[in-house]
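Worksheet: one structure, shown below.
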Number of protein chains: 2
Amino acid sequence: MSNVLEIIPLGGIGEFGMNCTLLRFGDEMIVVDAGMGFPEESVYGVDISIPDFDILEQYRDEITAIVLTHGHEDHLGALPYILKKFNVPVYASNFTLALAEYKLEEHSMLGDVMLHRVEPRDVVTIGSFTIEFIRASHSLIDCFHLAIKTPIGTIIHTGDYKVDETPVIGEAIDLRTLRRYGQEGVLALLSDSTNATVPGRTPSERAVIPAFEEIFAEAKGRIIVAGFASSIHRIQIVFDVAQQFNRKVCVLGRSMQKNVEIADRLGYLDIHDGMLIGINDAKVMPDHEVVFLVTGSQAEPRAALYQMATQVYKGLTIEETDTVVLSARIIPGNERAISRLIGFIYKRGANIIEEKRRLIHVSGHASQEDIRIMTEAVRPKFVVPIHGEYRMLFRHKEFVKNHMGFPEANIILIENGDVLELDSERAAVIDRREIKRTFIDDSGFEEIEYDTVRERKKMAYEGMVTLVLTVNRETGELQAPPQIVAQGVRGFETNGVSASRFRSQDSGQNGTASRHLLKDAEQVVTAAMAGASRQTLADESLLKEHVRVELKRFIQKETGARPVIIPVIQQV
Amino acid sequence: MSNVLEIIPLGGIGEFGMNCTLLRFGDEMIVVDAGMGFPEESVYGVDISIPDFDILEQYRDEITAIVLTHGHEDHLGALPYILKKFNVPVYASNFTLALAEYKLEEHSMLGDVMLHRVEPRDVVTIGSFTIEFIRASHSLIDCFHLAIKTPIGTIIHTGDYKVDETPVIGEAIDLRTLRRYGQEGVLALLSDSTNATVPGRTPSERAVIPAFEEIFAEAKGRIIVAGFASSIHRIQIVFDVAQQFNRKVCVLGRSMQKNVEIADRLGYLDIHDGMLIGINDAKVMPDHEVVFLVTGSQAEPRAALYQMATQVYKGLTIEETDTVVLSARIIPGNERAISRLIGFIYKRGANIIEEKRRLIHVSGHASQEDIRIMTEAVRPKFVVPIHGEYRMLFRHKEFVKNHMGFPEANIILIENGDVLELDSERAAVIDRREIKRTFIDDSGFEEIEYDTVRERKKMAYEGMVTLVLTVNRETGELQAPPQIVAQGVRGFETNGVSASRFRSQDSGQNGTASRHLLKDAEQVVTAAMAGASRQTLADESLLKEHVRVELKRFIQKETGARPVIIPVIQQV
């Protein structure tokens with residue numbers, strides 16, 4: 001056993017989301033965060049992705065704990081999946097644990113896990129690791145930086161953060177403790193890069209209050225505020241400003257209701273009596289006395305805002321006199337959908353307040369000057385940018401190097417699967433592992449294999465043709481005409497589920513062409529069978545390949561299409 | 001025949017791209033622009049979309065001309081497809097026609113079409129319509145506003161524009177002529193809304209020159225400029241600044257090479273002798289003497305920039321000493337891909353200049369103050385916002401109403417398929433038609449039917465199961481065990497193309513579970529056949545539905561998945 005620390009990111013490097021980092025010393029390993037990601041494969045039935053925890057199998061006996069920095073899905077969402085494989089103790093803050101419990105209950109696992117609640121400034125020793133939980137400021141509440149003491153030095157893991165000296169709920173970032181570690185000596189700072197491209201400071205959570213006050217002062221009718229369900233500071237602001245302007249708040253959308261309930265129950269939210277009203281009360285109150293706090297800022301089709309904008313949601317629909325406040329950033333990838341949603345809301349005649357026009361949203365992540373404050377407080381020997389796409393990691397490096405004079409050799413850019421080895425003097429990537437993501441179909445909490453998604457992609461692109469051949473078990477000769485079933489294949493449009501579609505009015509000219517093509521294709525296969533050698537006919541896999549290739553050639557020549565072709569042989 | 005004008009947008013309203021507007025007076029109709037769109041269905045093999053020209057069938061004998069405002073794909077790209085159905089005369093500028101000819105040649109149509117070249121200030125009378133072509137300024141060259149005189153009044157169609165008094169190539173926007181029409185009286189202004197959310201003025205095409213000069217002055221190694229192939233002003237700037245800094249320009253990427261060739265041949269570009277070099281020359285020249293002007297600013301995987309960043313493109317690869325200039329906006333929907341591309345470039349160690357950090361890109365579209373200039377010049381009775389998602393159209397309306405005091409009743413918001421009827425006093429939508437898009441597989445210039453795309457979507461989401469039943473022609477009884485072929489279905493992972501995959505090492509535990517599931521499913525089908533009534537067995541469509549439902553229930557119960565299930569019956 002050598003005297004080195006290994007840092008291995010399983011996710012969150014070179015991507016948004018899925019944050020998960022392993023720290024290994026000797027034969028002990030802790031896992032920092034277990035986040036989920038939101039992959040672009042959603043059209044292939046993939047709801048979320050999680051890190052490939054199978055890689056942890058080789059360390060099964062070494063894993064001593066999972067430590068969570070905070071409760072956002074990209075840090076917490078994979079917790080049930082990792083615990084199903086490795087049921088080790090979990091350490092997290094009060095609010096983070098409440099979210100974790102809710103999630104574990106959904107997976108019916110709550111009775112079988114070991115959850116440990118820690119407070120800011122708590123110090124927990126887990127084998128060779130001694131971890132202090134330091135208060136961080138972020139868009140969520142009850143978040144931690146981690147100071148992880150190891151035999152070769154201290155690692156500071158920032159989690160997600162910004163330097164907010166005036167948060168709405170709770171105390172400010174604990175720079176004092178970070179500076180104390182800086183004075184004692186920090187080996188490496190693993191630091192949030194999400195906003196490393198953004199100059200200046202990230203505004204405090206309080207910064208949106210004036211704009212909200214203006215909007216509430218101007219609005220004549222109902223106010224609908226859409227935001228992230230996890231933005232607890234923002235939720236408090238909505239309640240505060242609502243009270244100031246004599247409005248009551250009705251919370252809509254499952255995740256928003258859940259988070260308000262949890263944060264209220266645990267005492268994080270300060271909601272005065274009578275301020276929170278149900279939907280039935282909200283419906284009968286005068287418009288100028290109501291605020292709806294809703295989910296759907298990312299234009300999710302099933303969320304409250306989208307439903308209210310396009311149809312009716314629990315009897316509610318957006319009206320001309322409404323003011324809609326989009327109090328959230330646009331998550332990359334959602335631009336087109338959000339733009340369309342805004343169009344729908346305009347169509348209803350409502351007034352929309354977007355982020356670009358007024359300060360109604362602030363980021364929870366460190367901008368460049370926050371990064372400077374953090375780095376100067378911690379004074380690490382090595383800086384390791386984490387959390388973000390490569391673009392952000394590189395800009396993080398660039399900023400620390402060019403604007404803080406940090407020595408380039410001591411800024412370490414790593415990738416998911418890298419094994420970064422540190423001793424008290426040196427840091428180097430000594431191994432790289434191929435890291436995959438694991439796809440999850442969230443409706444059943446089930447994994448979807450890569451091959452399955454690959455097959456879906458192929459079928460999606462040019463469709464699928466199934467070729468059924470009924471052959472004599474002895475001679476290998478055709479016993480019935482070949483049948484071809486095409487799904488989503490250009491040129492074969494009227495073929496498919498049922499014969500009745502052949503006679504449908506819609507098929508028209510294409511239907512005729514399609515029928516001819518189908519008939520010709522069947523003839524091509526029949527000819528291919530007739531021309532096959534005895535050896536081919538006798539070997540099912542040779543035969544399949546033979547007819548597949550012939551049919552593929554024919555379809556490509558006739559239509560230009562290259563569908564997936566699956567031959568099925570029935571022996572009778 | 002009533003004395004009214006009908007304006008019918010076929011595309012470009014409530015969406016980016018696919019601009020196409022019909023103007024109809026009596027029994028005469030002209031078509032303004034024939035643009036393509038870039039739909040989100042690309043994972044389903046759809047390359048482009050075009051307006052549904054079948055709707056023009058009812059006007060077949062009325063269509064007298066297609067008039068193109070300019071040569072961008074979202075105004076020109078559908079020209080071959082409309083001309084294949086309605087081969088009417090086309091009017092366009094010199095440069096627009098050159099692009100159109102190139103495109104029509106690709107479709108092998110060039111010999112069969114009627115193209116008419118018009119110059120700025122040309123006036124063409126086409127039946128009841130008298131059209132003056134007015135010089136517009138835009139990111140492309142040789143663009144027009146259209147002044148369309150009709151018996152009931154003049155319509156100004158802006159096309160795409162910004163108010164650029166100092167374009168790089170050619171003359172400035174002809175505000176004087178627009179004002180003349182304004183004095184004479186304009187019934188309606190159909191006006192570009194793309195940037196209606198942007199305050200202030202859109203900078204001149206020249207505005208990027210200082211940043212380019214700075215970048216060229218700083219760069220020690222090669223410079224790689226990625227931009228839109230159609231940004232001819234920008235291309236001229238790159239050549240000019242290259243010459244100033246003693247660099248030669250090598251153009252890479254098919255569309256960029258095509259446009260440089262056309263613009264150079266027609267005399268729009270001013271390229272000094274020896275400035276344009278081939279790739280072989282560029283490779284052997286000192287780094288500080290070369291600029292590569294490349295395609296791929298939107299991170300298209302097959303374009304030059306992406307290839308150079310991730311592998312080798314014609315022997316070239318991005319290196320540490322390179323400076324990469326992303327001289328283009330991010331088209332919505334491409335954010336994630338571009339961010340990843342930037343990451344790849346950073347990984348190569350190159351310096352990247354992004355739009356956000358320096359003024360290396362300007363829009364070609366009118367911001368709010370440009371819209372003010374246009375609207376004040378034209379002084380229309382009615383304003384009809386066009387070109388843009390609803391969000392932009394509504395903001396256009398809001399700006400003209402709130403900031404210009406234009407009467408709200410005279411700002412007409414229309415949608416694709418609306419029939420806007422105007423007489424000299426009044427404008428109203430008198431009919432709405434359901435307008436679809438037509439999907440095109442651009443590799444073969446072939447239409448893809450909606451049903452085909454719908455089938456692909458379904459298979460993509462949860463996979464497809466083909467169930468093959470071989471039954472006795474007389475009795476309807478099974479003659480062989482049912483065969484189930486699953487593609488992309490969760491729970492059936494190791495089933496599929498060939499039996500050999502059953503034995504593959506990868507299948508492991510899932511493979512075993514999957515084999516059991518498959519066997520159980522086959523038994524379910526066998527049992528369903530055994531339990532089927534004689535009537536069901538005798539009717540193929542009843543039988544198919546019977547087994548499909550039973551199999552569907554089984555799969556959903558066992559795995560939660562709901563794949564497409566296609567039964568195939570082979571009679572022997």
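Ligands are numbered from 1 in the order shown, chains are lettered A, B, ... in the order of the structure tokens, and residues start at 1 in each chain.
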* **Expected answer as a list in words: strand (DSSP E or B) residues in stretch 282-386 of chain A** => Val290, Val291, Phe292, Leu293, Val294, Tyr313, Leu316, Thr323, Val324, Val325, Leu326, Ser327, Asn351, Ile352, Ile353, Pro380, Lys381, Phe382, Val383, Val384, Pro385 and Ile386 of chain A
Let me see the file: selected residues, N, CA, C and O atoms, as a short mmCIF file (atom, residue, chain, number, x, y, z; two decimals), in the first residue's frame.
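So the final result, stored in selection.cif, reads:
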data_model
loop_
_atom_site.label_atom_id
_atom_site.label_comp_id
_atom_site.auth_asym_id
_atom_site.auth_seq_id
_atom_site.Cartn_x
_atom_site.Cartn_y
_atom_site.Cartn_z
N VAL A 290 -53.80 36.69 -5.84
CA VAL A 290 -53.25 35.34 -6.00
C VAL A 290 -51.89 35.34 -6.70
O VAL A 290 -51.66 36.12 -7.63
N VAL A 291 -51.02 34.48 -6.24
CA VAL A 291 -49.78 34.13 -6.96
C VAL A 291 -49.77 32.61 -7.11
O VAL A 291 -50.02 31.90 -6.13
N PHE A 292 -49.51 32.15 -8.31
CA PHE A 292 -49.28 30.73 -8.51
C PHE A 292 -47.77 30.51 -8.64
O PHE A 292 -47.11 31.17 -9.44
N LEU A 293 -47.28 29.59 -7.84
CA LEU A 293 -45.85 29.24 -7.89
C LEU A 293 -45.81 27.86 -8.53
O LEU A 293 -46.30 26.89 -7.96
N VAL A 294 -45.25 27.77 -9.75
CA VAL A 294 -45.48 26.56 -10.55
C VAL A 294 -44.19 25.95 -11.09
O VAL A 294 -43.16 26.63 -11.23
N TYR A 313 -55.10 23.14 -16.86
CA TYR A 313 -54.42 22.39 -15.80
C TYR A 313 -55.24 22.53 -14.54
O TYR A 313 -55.31 23.61 -13.96
N LEU A 316 -57.33 25.38 -14.50
CA LEU A 316 -56.70 26.68 -14.69
C LEU A 316 -56.12 26.81 -16.09
O LEU A 316 -55.62 25.84 -16.66
N THR A 323 -49.86 37.76 -15.36
CA THR A 323 -48.44 38.08 -15.54
C THR A 323 -47.64 36.81 -15.24
O THR A 323 -47.76 36.26 -14.15
N VAL A 324 -46.88 36.37 -16.21
CA VAL A 324 -46.11 35.14 -16.05
C VAL A 324 -44.64 35.50 -15.89
O VAL A 324 -44.07 36.21 -16.73
N VAL A 325 -44.03 35.03 -14.80
CA VAL A 325 -42.63 35.35 -14.51
C VAL A 325 -41.80 34.08 -14.68
O VAL A 325 -42.02 33.09 -13.98
N LEU A 326 -40.87 34.09 -15.65
CA LEU A 326 -40.00 32.92 -15.86
C LEU A 326 -38.74 33.12 -15.03
O LEU A 326 -37.75 33.67 -15.51
N SER A 327 -38.80 32.67 -13.80
CA SER A 327 -37.72 32.95 -12.84
C SER A 327 -36.73 31.80 -12.82
O SER A 327 -36.53 31.14 -11.81
N ASN A 351 -48.99 38.77 -20.07
CA ASN A 351 -47.73 39.49 -20.00
C ASN A 351 -46.65 38.52 -19.51
O ASN A 351 -46.88 37.77 -18.57
N ILE A 352 -45.51 38.50 -20.17
CA ILE A 352 -44.44 37.59 -19.75
C ILE A 352 -43.22 38.39 -19.32
O ILE A 352 -42.80 39.30 -20.02
N ILE A 353 -42.67 37.99 -18.19
CA ILE A 353 -41.42 38.60 -17.76
C ILE A 353 -40.34 37.54 -17.91
O ILE A 353 -40.35 36.52 -17.23
N PRO A 380 -4.75 26.49 -2.40
CA PRO A 380 -4.36 25.09 -2.59
C PRO A 380 -3.04 24.98 -3.34
O PRO A 380 -2.63 25.90 -4.05
N LYS A 381 -2.41 23.83 -3.20
CA LYS A 381 -1.24 23.54 -4.01
C LYS A 381 -1.69 23.22 -5.45
O LYS A 381 -1.12 23.72 -6.41
N PHE A 382 -2.73 22.43 -5.54
CA PHE A 382 -3.27 22.08 -6.87
C PHE A 382 -4.72 22.54 -7.01
O PHE A 382 -5.49 22.44 -6.05
N VAL A 383 -5.07 23.02 -8.19
CA VAL A 383 -6.47 23.30 -8.51
C VAL A 383 -6.95 22.25 -9.51
O VAL A 383 -6.28 22.02 -10.52
N VAL A 384 -8.07 21.63 -9.19
CA VAL A 384 -8.65 20.63 -10.09
C VAL A 384 -10.07 21.09 -10.45
O VAL A 384 -11.00 20.92 -9.65
N PRO A 385 -10.26 21.68 -11.64
CA PRO A 385 -11.62 22.10 -12.01
C PRO A 385 -12.54 20.89 -12.18
O PRO A 385 -12.17 19.92 -12.84
N ILE A 386 -13.70 20.95 -11.57
CA ILE A 386 -14.71 19.89 -11.74
C ILE A 386 -16.05 20.53 -12.09
O ILE A 386 -16.15 21.75 -12.16
#
* Do a neighbour search on stretch 541-558 of chain A at 7 Å with only C-alpha atoms, toss out local chain neighbours closer than 4 positions, and write the hits as a count of residues only. => 9
* Counting only C-alpha atoms, chain A residues within 8 Å of chain B, as a PyMOL selection string -> chain A and resi 14+43-45+332-336+339-340+342-344+346-347+389-392+394+443-444+448-449+451-457+459-463+466+468+470+479-480+483+485+487-490+493+497-498+541+560+566-568+570-572
* To do: Can you check which residues of stretch 153-262 of chain A DSSP gives as helix (DSSP H, G or I) on the backbone and send them as an NGL selection string?
  => :A and (175-184 or 205-218 or 232-244 or 254-262)
Could you write those residues out with C-alpha atoms, as a PDB file, in the first residue's frame?
ATOM      1  CA  LEU A 175     -15.234  31.637   4.116  1.00  0.00           C
ATOM      2  CA  ARG A 176     -13.621  31.837   7.529  1.00  0.00           C
ATOM      3  CA  THR A 177     -13.353  28.072   7.866  1.00  0.00           C
ATOM      4  CA  LEU A 178     -12.155  27.772   4.284  1.00  0.00           C
ATOM      5  CA  ARG A 179      -9.453  30.352   5.060  1.00  0.00           C
ATOM      6  CA  ARG A 180      -8.456  28.419   8.155  1.00  0.00           C
ATOM      7  CA  TYR A 181      -7.849  25.373   5.998  1.00  0.00           C
ATOM      8  CA  GLY A 182      -5.969  27.609   3.580  1.00  0.00           C
ATOM      9  CA  GLN A 183      -3.693  28.713   6.374  1.00  0.00           C
ATOM     10  CA  GLU A 184      -3.121  25.150   7.511  1.00  0.00           C
ATOM     11  CA  GLU A 205     -29.986  35.209  -4.012  1.00  0.00           C
ATOM     12  CA  ARG A 206     -31.447  38.431  -2.661  1.00  0.00           C
ATOM     13  CA  ALA A 207     -30.687  40.284  -5.876  1.00  0.00           C
ATOM     14  CA  VAL A 208     -33.983  39.349  -7.490  1.00  0.00           C
ATOM     15  CA  ILE A 209     -36.146  40.927  -4.792  1.00  0.00           C
ATOM     16  CA  PRO A 210     -36.387  44.427  -6.349  1.00  0.00           C
ATOM     17  CA  ALA A 211     -37.544  43.053  -9.703  1.00  0.00           C
ATOM     18  CA  PHE A 212     -40.123  40.868  -7.993  1.00  0.00           C
ATOM     19  CA  GLU A 213     -41.378  43.871  -6.035  1.00  0.00           C
ATOM     20  CA  GLU A 214     -41.723  45.886  -9.235  1.00  0.00           C
ATOM     21  CA  ILE A 215     -43.559  43.079 -10.999  1.00  0.00           C
ATOM     22  CA  PHE A 216     -45.937  42.583  -8.072  1.00  0.00           C
ATOM     23  CA  ALA A 217     -46.553  46.313  -7.889  1.00  0.00           C
ATOM     24  CA  GLU A 218     -47.410  46.507 -11.591  1.00  0.00           C
ATOM     25  CA  ILE A 232     -35.818  27.344  -1.924  1.00  0.00           C
ATOM     26  CA  HIS A 233     -34.458  30.873  -1.520  1.00  0.00           C
ATOM     27  CA  ARG A 234     -36.532  31.950  -4.520  1.00  0.00           C
ATOM     28  CA  ILE A 235     -39.623  30.291  -3.096  1.00  0.00           C
ATOM     29  CA  GLN A 236     -39.173  32.221   0.134  1.00  0.00           C
ATOM     30  CA  ILE A 237     -38.866  35.452  -1.837  1.00  0.00           C
ATOM     31  CA  VAL A 238     -42.136  34.736  -3.641  1.00  0.00           C
ATOM     32  CA  PHE A 239     -43.889  34.182  -0.320  1.00  0.00           C
ATOM     33  CA  ASP A 240     -42.341  37.335   1.167  1.00  0.00           C
ATOM     34  CA  VAL A 241     -43.181  39.591  -1.737  1.00  0.00           C
ATOM     35  CA  ALA A 242     -46.650  38.066  -2.028  1.00  0.00           C
ATOM     36  CA  GLN A 243     -47.327  38.940   1.602  1.00  0.00           C
ATOM     37  CA  GLN A 244     -46.002  42.445   1.091  1.00  0.00           C
ATOM     38  CA  ARG A 254     -45.630  17.803  -7.888  1.00  0.00           C
ATOM     39  CA  SER A 255     -41.955  18.610  -7.311  1.00  0.00           C
ATOM     40  CA  MET A 256     -42.706  22.199  -6.248  1.00  0.00           C
ATOM     41  CA  GLN A 257     -45.329  21.016  -3.772  1.00  0.00           C
ATOM     42  CA  LYS A 258     -42.992  18.347  -2.446  1.00  0.00           C
ATOM     43  CA  ASN A 259     -40.130  20.769  -1.881  1.00  0.00           C
ATOM     44  CA  VAL A 260     -42.298  23.436  -0.289  1.00  0.00           C
ATOM     45  CA  GLU A 261     -43.737  20.811   2.000  1.00  0.00           C
ATOM     46  CA  ILE A 262     -40.320  19.472   3.038  1.00  0.00           C
TER      47      ILE A 262
END
* **Nearest to B:Val88, chosen from B:His116, B:His107, B:Arg432, B:Arg135, with only C-alpha atoms counted in the distances** => B:His116
* To do: With a distance cut-off of 9 Å and only C-alpha atoms, select the neighbouring residues of B:Asp27, excluding the residue or stretch itself and same-chain residues fewer than 2 positions from it, and output the selection as a ChimeraX atom specification.
  => /B:1,24-25,29,59,61-63
